[in-house]
file run.cif (mmCIF, C-alpha atoms)
data_entry
loop_
_atom_site.label_atom_id
_atom_site.label_comp_id
_atom_site.auth_asym_id
_atom_site.auth_seq_id
_atom_site.Cartn_x
_atom_site.Cartn_y
_atom_site.Cartn_z
CA MET A 1 17.89 -1.12 5.37
CA ILE A 2 15.96 2.04 4.44
CA GLY A 3 13.23 1.16 6.94
CA GLN A 4 15.84 0.86 9.68
CA VAL A 5 17.36 4.24 8.80
CA LEU A 6 13.92 5.88 8.89
CA ASP A 7 13.31 4.31 12.32
CA GLU A 8 16.64 5.63 13.59
CA LEU A 9 15.73 9.12 12.36
CA GLY A 10 12.50 8.96 14.34
CA LEU A 11 10.35 8.62 11.24
CA GLU A 12 8.40 5.55 12.32
CA VAL A 13 5.34 6.32 10.17
CA ALA A 14 7.48 6.70 7.06
CA SER A 15 9.34 3.53 7.97
CA HIS A 16 6.09 1.60 8.38
CA ALA A 17 4.77 2.87 5.02
CA PHE A 18 8.06 1.93 3.35
CA ARG A 19 7.94 -1.62 4.74
CA VAL A 20 4.36 -2.10 3.57
CA GLY A 21 5.27 -0.63 0.18
CA GLU A 22 8.05 -3.18 -0.20
CA HIS A 23 5.39 -5.92 -0.12
CA TRP A 24 2.80 -4.20 -2.36
CA GLY A 25 3.75 -5.96 -5.61
CA ASP A 26 3.90 -9.35 -3.89
CA ALA A 27 0.46 -8.82 -2.36
CA VAL A 28 -1.42 -7.45 -5.38
CA GLY A 29 0.48 -8.94 -8.31
CA PRO A 30 2.25 -7.22 -11.20
CA GLU A 31 -0.85 -6.06 -13.11
CA VAL A 32 -2.39 -4.20 -10.17
CA ALA A 33 1.04 -2.91 -9.11
CA ARG A 34 1.48 -1.31 -12.55
CA HIS A 35 -1.65 0.77 -11.93
CA SER A 36 -1.23 1.60 -8.24
CA ARG A 37 1.29 2.37 -5.53
CA PRO A 38 1.24 2.96 -1.79
CA VAL A 39 1.92 6.60 -0.96
CA GLY A 40 1.62 6.74 2.81
CA MET A 41 0.07 5.54 6.04
CA ARG A 42 -2.54 7.27 8.17
CA GLY A 43 -2.44 5.30 11.37
CA ARG A 44 -3.08 1.74 10.20
CA VAL A 45 -4.72 2.83 6.92
CA LEU A 46 -2.63 2.51 3.77
CA GLU A 47 -3.14 5.34 1.28
CA VAL A 48 -2.88 4.05 -2.29
CA ALA A 49 -2.68 6.14 -5.48
CA VAL A 50 -4.40 4.51 -8.45
CA ASP A 51 -3.95 5.69 -12.04
CA SER A 52 -7.64 5.74 -13.07
CA SER A 53 -11.12 5.66 -11.61
CA VAL A 54 -11.69 2.26 -13.24
CA TRP A 55 -8.70 0.77 -11.41
CA CYS A 56 -9.73 2.55 -8.22
CA GLN A 57 -13.14 0.84 -8.40
CA GLN A 58 -11.49 -2.51 -9.16
CA LEU A 59 -9.23 -2.23 -6.11
CA GLN A 60 -12.18 -1.15 -3.99
CA LEU A 61 -13.93 -4.39 -4.93
CA GLN A 62 -10.74 -6.36 -4.19
CA ARG A 63 -10.13 -4.62 -0.85
CA PRO A 64 -10.72 -7.70 1.39
CA ALA A 65 -8.44 -9.87 -0.76
CA ILE A 66 -5.73 -7.19 -0.89
CA LEU A 67 -5.81 -6.71 2.88
CA ALA A 68 -5.60 -10.49 3.40
CA ALA A 69 -2.65 -10.71 1.00
CA LEU A 70 -0.89 -7.84 2.78
CA ARG A 71 -1.36 -9.64 6.11
CA ARG A 72 0.26 -12.75 4.60
CA VAL A 73 3.30 -10.94 3.19
CA ALA A 74 3.74 -8.05 5.67
CA GLY A 75 2.64 -9.68 8.92
CA ALA A 76 2.48 -7.19 11.78
CA ASP A 77 3.22 -4.30 9.39
CA ALA A 78 0.04 -4.95 7.37
CA PRO A 79 -2.53 -2.14 7.28
CA ARG A 80 -6.03 -2.60 8.68
CA ASP A 81 -7.66 -0.76 5.77
CA LEU A 82 -7.00 0.97 2.45
CA TRP A 83 -7.75 4.50 1.34
CA LEU A 84 -7.80 4.54 -2.46
CA ARG A 85 -7.56 7.70 -4.55
CA VAL A 86 -6.91 8.54 -8.16
CA GLY A 87 -3.50 10.15 -8.51
CA PRO A 88 0.01 9.81 -9.91
CA THR A 89 1.40 6.31 -9.54
CA ARG A 90 5.02 6.90 -10.60
#

call {"tool": "encode", "arguments": {"input": "run.cif", "output": "structure tokens"}}
result
Amino acid sequence: MIGQVLDELGLEVASHAFRVGEHWGDAVGPEVARHSRPVGMRGRVLEVAVDSSVWCQQLQLQRPAILAALRRVAGADAPRDLWLRVGPTR
């Protein structure tokens, strides 16, 4: 619903980021989702805020598995890469 409204307002990038964000918890699981959140898209790269440098490193190591999981749950909306940064997650 929100994704559709964003599309109608001409905010396709925001809509795409929202749709991917809807699948984040399903793709990464509840533990990782508690420490991270998608914050935007840059082309086909998903920007993810992570609450600590330790978790940022952990997600960096899990990047291939996370991208594969996002492809499974988000299909065509899945990003091609991740850009991880330490920042606010809530």

call {"tool": "residues_near_point", "arguments": {"input": "run.cif", "point": "(-6.6, -4.1, -8.9)", "cutoff": "10 Å", "atoms": "all atoms listed in the file", "output": "PyMOL selection string"}}
result
chain A and resi 28-36+50+54-63+66

call {"tool": "residues_near_point", "arguments": {"input": "run.cif", "point": "(-0.1, 8.3, 5.1)", "cutoff": "12 Å", "atoms": "only C-alpha atoms", "output": "count of residues only"}}
result
26

call {"tool": "atom_distance", "arguments": {"input": "run.cif", "atom1": "atom CA of Gly75 of chain A", "atom2": "atom CA of Ser52 of chain A"}}
result
28.8 Å

call {"tool": "atom_distance", "arguments": {"input": "run.cif", "atom1": "atom CA of Ala76 of chain A", "atom2": "atom CA of Arg90 of chain A"}}
result
26.6 Å

call {"tool": "resolve_selection", "arguments": {"input": "run.cif", "expression": "the PyMOL selection byres ((chain A and resi 87) around 7)", "output": "number ranges by chain"}}
result
A: 49-51, 85-86, 88-89

call {"tool": "atom_distance", "arguments": {"input": "run.cif", "atom1": "atom CA of Arg37 of chain A", "atom2": "atom CA of Asp77 of chain A"}}
result
16.5 Å

call {"tool": "residues_around", "arguments": {"input": "run.cif", "residues": "Ala74 of chain A", "least_positions_apart": "4", "cutoff": "7 Å", "atoms": "only C-alpha atoms", "output": "ChimeraX atom specification"}}
result
/A:20,23,70,78
